[in-house]
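Enquirer: There's a structure below that I have some questions on.
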Amino acid sequence: MGNGSSSNLNLSNPKNRLLEDHHNHHDKLKPTTSRISFLRSPLPWLFIFLFFLPLLLISTTGGGARKPCRPSSTYRHLSLVDETNSSSAVKDPEEEAEDDSPPRVPSLHPRRPRMFNTTLDHVVFGIAASSVLWETRKEYIKSWWRPNKTRGVVWIDKRVRTYRNEPLPEIRISQDTSRFRYTHPVGDRSAVRISRVVTETLRLGKKGVRWFVMGDDDTVFVVDNVVNVLSKYDHTQFYYVGSSSEAHVQNIFFSYSMAFGGGGFAISYALALELSKMQDRCIQRYPGLYGSDDRIQACMTELGVPLTKEPGFHQYDVYGDLLGLLGAHPVAPLVTLHHIDVVQPIFPKMKRSRALRHLMSSAELDSASIFQQSICYDQSRFWSISVSWGFSVQIIRGIISPRELEMPSRTFLNWFRKADYIGYAFNTRPVSRHPCQRPFVFYVNSAKYDEGRRQVIGYYNLDKSRRIPNCRWRIDSPGKIDSVVILKRPDPLRWHKSPRRDCCRVLPSRRNTTMYIWVGNCADGEISELEHPQQ
């Protein structure tokens with residue numbers, strides 16, 4: 001007999017055929033039963049749900065046809081510009097007229113800084129003046145004012161004599177400020193009147209204003225550089241731009257966070273608008289302050305706006321000769337000069353007003369480079385040369401490193417008329433006492449623009465009034481040079497690049513009494529160095 005396997009059945013027997021059919025039917029039922037048990041498990045349903053979930057989301061959002069998103073009310077407070085708070089920003093009226101597009105959701109990623117298209121038409125000057133000093137100070141204003149181009153108002157305490165066609169701003173009488181308290185024991189209450197210059201200028205309602213620039217009647221502005229500096233900042237935001245004093249004690253007594261008014265400062269339109277709303281109340285809270293600029297700064301602290309420092313605003317709380325300061329000007333555009341009555345005339349043997357006009361004749365050719373220092377060396381004669389473009393050239397025997405030459409030499413005294421080198425808020429170097437290292441100074445005599453070569457040619461003459469002691473060195477004396485000719489191409493966009501001193505090179509000359517120097521952007525690998533004779 002067999003082992004009972006279906007392969008041993010006799011299929012001819014009906015009973016055996018029935019058993020075979022039964023076995024086949026049983027084998028077909030096994031897979032169905034296993035599938036049912038598989039579907040009863042929760043794990044496969046989880047995988048099925050995850051597989052169909054993206055398809056379900058796409059169908060509910062309309063597929064590829066996207067609709068513009070709008071910020072929900074829950075997240076509207078994350079906007080970079082809070083439309084409900086007028087103190088955060090003021091929209092430019094020109095941009096508002098042109099912008100008809102729907103509001104966009106601001107990006108949470110900061111944008112790269114950009115230059116704003118600010119022009120001279122967007123700037124209004126507010127000049128604080130005194131009727132007592134008007135006849136002298138108005139000549140300073142004439143040196144930089146551009147009739148029919150610059151906009152501004154001179155605010156004075158009482159009526160002064162005026163002449164027809166005199167190149168000056170509009171003159172207005174300041175409002176009466178007798179209602180404001182002033183309790184400083186030695187100050188002058190005119191400080192209250194002057195502190196309101198920006199607000200009173202704002203209330204004149206001049207159109208297209210982006211910046212209000214404040215200064216005194218003895219503040220000289222380089223207007224193109226004013227525009228250049230302010231173009232870096234957004235006038236629809238709160239900006240208070242200026243600089244500190246050169247005198248360390250002055251900054252301690254007043255504040256390193258205060259823009260000194262004589263050196264000038266700028267306030268954006270948005271900030272001036274906000275200041276005008278609260279300034280009168282603010283002034284009443286500070287009757288004991290000395291000047292107008294510390295009153296402005298006190299109001300700025302209440303508004304929470306810090307000082308944005310620009311080193312080109314110069315208070316010049318010093319006495320004496322500015323050669324050391326102006327001959328080593330920082331690598332920044334010259335914006336203002338102050339205290340013209342206190343310091344000596346910029347150019348010797350000139351009246352102060354004429355010296356300023358003489359300076360502006362060079363500034364008109366390349367205002368971005370005025371007073372900018374260049375350092376180079378005459379390799380054959382072993383001279384160190386410092387060029388302050390549009391102002392002076394100094395030639396010194398021997399090697400003076402750029403690190404020393406870029407420090408102002410102390411040709412001036414501090415605000416207390418003392419030769420105290422620790423009284424300044426910047427580094428200085430002493431005037432050399434060695435007879436062989438006294439500088440030979442050449443001041444600019446004239447300058448012109450060469451159309452053919454597209455360059456400015458400046459002629460600098462030796463100041464023979466300076467006494468140079470005898471030197472026993474065997475090095476050639478710079479006193480043999482009568483004049484220096486500076487060749488330079490205007491560079492109006494220099495402050496749109498990273499700040500760097502210009503380079504200069506001594507050019508060959510057929511005349512022993514004339515030196516030719518080229519000034520301009522440094523070439524690749526070019527530095528200010530004097531090679532040692534043994535190299």
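Identifiers for the structure tokens are assigned positionally: chains receive A, B, ... in sequence, residues are indexed from 1 per chain, and ligands are indexed from 1 in the order shown.
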List the spatial neighbours of Trp211 (chain A) as a PyMOL selection string - criterion: any atom at most 12 Å away, only C-alpha atoms, same-chain residues fewer than 5 positions off excluded.
Expert: chain A and resi 92+118-126+151-152+198+201-202+206+226-227+229-231+233-241+265-273
Enquirer: Please identify which residues in region 144-251 of chain A DSSP calls helix (DSSP H, G or I) from the backbone, and express them as an mmCIF file with C-alpha atoms, in the first residue's frame.
Expert:
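Just written: selection_30.cif:
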data_model
loop_
_atom_site.group_PDB
_atom_site.id
_atom_site.type_symbol
_atom_site.label_atom_id
_atom_site.label_comp_id
_atom_site.auth_asym_id
_atom_site.auth_seq_id
_atom_site.Cartn_x
_atom_site.Cartn_y
_atom_site.Cartn_z
ATOM 1 C CA TRP A 144 30.105 127.551 -0.453
ATOM 2 C CA SER A 190 19.947 131.909 22.007
ATOM 3 C CA ALA A 191 20.751 128.195 22.231
ATOM 4 C CA VAL A 192 17.001 127.556 22.575
ATOM 5 C CA ARG A 193 16.273 129.515 19.399
ATOM 6 C CA ILE A 194 19.000 127.739 17.427
ATOM 7 C CA SER A 195 17.873 124.296 18.576
ATOM 8 C CA VAL A 197 16.095 125.645 13.370
ATOM 9 C CA VAL A 198 15.337 122.202 11.923
ATOM 10 C CA THR A 199 11.736 122.256 13.145
ATOM 11 C CA GLU A 200 11.113 125.760 11.836
ATOM 12 C CA THR A 201 12.627 124.857 8.474
ATOM 13 C CA LEU A 202 10.428 121.759 8.283
ATOM 14 C CA VAL A 223 27.864 120.490 -0.718
ATOM 15 C CA ASP A 224 28.713 117.693 -3.165
ATOM 16 C CA ASN A 225 30.222 115.676 -0.336
ATOM 17 C CA VAL A 226 27.169 116.377 1.832
ATOM 18 C CA VAL A 227 25.058 114.713 -0.857
ATOM 19 C CA ASN A 228 27.587 111.896 -1.253
ATOM 20 C CA VAL A 229 27.492 111.036 2.447
ATOM 21 C CA LEU A 230 23.711 111.259 2.814
ATOM 22 C CA HIS A 248 38.484 114.982 24.411
ATOM 23 C CA VAL A 249 37.266 117.181 27.281
ATOM 24 C CA GLN A 250 34.484 118.653 25.149
ATOM 25 C CA ASN A 251 33.171 115.181 24.377
#
Enquirer: Which polymer residues have any atom within 10 Å of an atom of Asn512 (chain A), counting only C-alpha atoms, with same-chain residues fewer than 5 positions away left out, as a list in words?
Expert: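 Listed by chain and then number, they are Lys480, Ile481 and Asp482 of chain A.
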Enquirer: Could you write out the selected residues, including all heavy atoms, as a compact mmCIF listing (two decimals), in the first residue's frame?
Expert:
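selection38.txt written:
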# COMPACT_ATOMS: atom_id res chain seq x y z
N LYS A 480 65.35 123.40 -2.81
CA LYS A 480 65.70 123.69 -4.19
C LYS A 480 64.49 123.64 -5.12
O LYS A 480 64.56 124.10 -6.25
CB LYS A 480 66.75 122.68 -4.66
CG LYS A 480 68.06 122.73 -3.89
CD LYS A 480 69.03 121.66 -4.39
CE LYS A 480 70.35 121.71 -3.60
NZ LYS A 480 71.29 120.65 -4.08
N ILE A 481 63.39 123.05 -4.62
CA ILE A 481 62.17 122.95 -5.43
C ILE A 481 61.33 124.20 -5.19
O ILE A 481 61.00 124.55 -4.05
CB ILE A 481 61.36 121.69 -5.05
CG1 ILE A 481 62.22 120.44 -5.19
CG2 ILE A 481 60.10 121.59 -5.90
CD1 ILE A 481 62.65 120.14 -6.62
N ASP A 482 60.97 124.89 -6.26
CA ASP A 482 60.13 126.07 -6.15
C ASP A 482 58.64 125.74 -6.26
O ASP A 482 57.81 126.41 -5.64
CB ASP A 482 60.49 127.08 -7.25
CG ASP A 482 61.86 127.70 -7.03
OD1 ASP A 482 62.27 127.80 -5.86
OD2 ASP A 482 62.50 128.08 -8.02
Enquirer: With only C-alpha atoms as the basis for distance, which of A:Cys503, A:Ser361, A:Ser477, A:Gly215 is at the shortest distance from Gly525 (chain A)?
Expert: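 Comparing A:Cys503, A:Ser361, A:Ser477, A:Gly215 against Gly525 (chain A), the winner is A:Cys503.
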Enquirer: Would you return as number ranges by chain the members of region 302-371 of chain A that DSSP assigns to strand (DSSP E or B) on this structure's backbone?
Expert: A: 308-309, 319-320, 336-337, 343
Enquirer: Where does region 318-355 of chain A meet region 367-383 of chain A within 7 Å, residue by residue, with the nearest atom pair and distance in Å to one decimal for each, counting only C-alpha atoms, listed by chain and rising number, as a Markdown table?
Expert:
| residue | atom | partner | partner_atom | distance |
| --- | --- | --- | --- | --- |
| A:Leu326 | CA | A:Phe371 | CA | 6.2 |
| A:Gly327 | CA | A:Phe371 | CA | 6.8 |
| A:Ala328 | CA | A:Gln373 | CA | 5.9 |
| A:His329 | CA | A:Gln372 | CA | 6.1 |
| A:Val331 | CA | A:Gln372 | CA | 6.7 |
| A:Pro333 | CA | A:Ala368 | CA | 6.0 |
| A:Leu334 | CA | A:Ile370 | CA | 6.8 |
Enquirer: Go ahead and write the residues just picked, C-alpha atoms, as a PDB file, in the first residue's frame.
Expert:
ATOM      1  CA  LEU A 326      44.100 119.129   6.946  1.00  0.00           C
ATOM      2  CA  GLY A 327      47.383 117.701   5.684  1.00  0.00           C
ATOM      3  CA  ALA A 328      46.480 114.297   7.134  1.00  0.00           C
ATOM      4  CA  HIS A 329      42.723 114.189   6.688  1.00  0.00           C
ATOM      5  CA  VAL A 331      40.103 108.604   4.526  1.00  0.00           C
ATOM      6  CA  PRO A 333      34.939 112.821   2.352  1.00  0.00           C
ATOM      7  CA  LEU A 334      35.357 116.320   3.743  1.00  0.00           C
TER       8      LEU A 334
END
Enquirer: Out of A:Leu487, A:Val456, A:His434, A:Tyr449, which residue has the shortest atom-to-atom distance to Asn470 (chain A) when counting only C-alpha atoms?
Expert: A:His434
Enquirer: Extract, using only C-alpha atoms, all DNA, RNA and protein residues at most 10 Å from Glu246 (chain A), discarding same-chain residues fewer than 5 positions from it, and format them as an NGL selection string.
Expert: :A and (251 or 314-318 or 414-415 or 423-426)
Enquirer: Would you mind reading off the distance between CA of Gly261 (chain A) and CA of Ala298 (chain A), one decimal, in Å?
Expert: 13.3 Å
Enquirer: Counting only C-alpha atoms, which residue out of A:Glu170, A:Tyr256, A:Ser353, A:Leu275 sits closest to Tyr140 (chain A)?
Expert: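 Residue with the minimum atom-to-atom distance to Tyr140 (chain A): A:Ser353.
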Enquirer: At what distance in Å, to one decimal, does CA of Ser292 (chain A) lie from CA of Pro185 (chain A)?
Expert: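 Computed distance, CA of Pro185 (chain A) to CA of Ser292 (chain A), equals 15.1 Å.
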Enquirer: Please identify all polymer residues within 9 Å of Lys138 (chain A), counting only C-alpha atoms, omitting same-chain residues fewer than 5 positions from it, and present them as a list in words.
Expert: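 Non-adjacent residues within range: Ala129, Leu133, Ser143, Leu168, Asp217 and Asp218 of chain A.
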Enquirer: Produce a file of the selected residues containing C-alpha atoms, as a tab-separated table (two decimals), in the first residue's frame.
Expert:
chain	number	residue	atom	x	y	z
A	129	ALA	CA	23.14	133.10	12.47
A	133	LEU	CA	28.40	138.84	13.53
A	143	SER	CA	32.18	130.75	-0.25
A	168	LEU	CA	23.03	134.16	0.02
A	217	ASP	CA	27.05	130.87	10.04
A	218	ASP	CA	30.78	130.03	10.42
Enquirer: Could you list, as a PyMOL selection string, every residue within 12 Å of Leu359 (chain A), counting only C-alpha atoms and ignoring same-chain residues fewer than 5 positions away?
Expert: chain A and resi 140+143-144+220-222+326+337+345-347+350+352-354+364-367+370-371+388-392+443-447
Enquirer: One number please: CA of Phe116 (chain A) to CA of Met278 (chain A), in Å, one decimal.
Expert: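 Taking CA of Phe116 (chain A) as the start and CA of Met278 (chain A) as the end point, the length is 28.2 Å.
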Enquirer: Return the single residue from A:Ser465, A:Gln284, A:Ser243, A:Ser257 that is closest to Tyr182 (chain A), with distances computed using only C-alpha atoms.
Expert: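 Counting only C-alpha atoms, the residue closest to Tyr182 (chain A) is A:Gln284.
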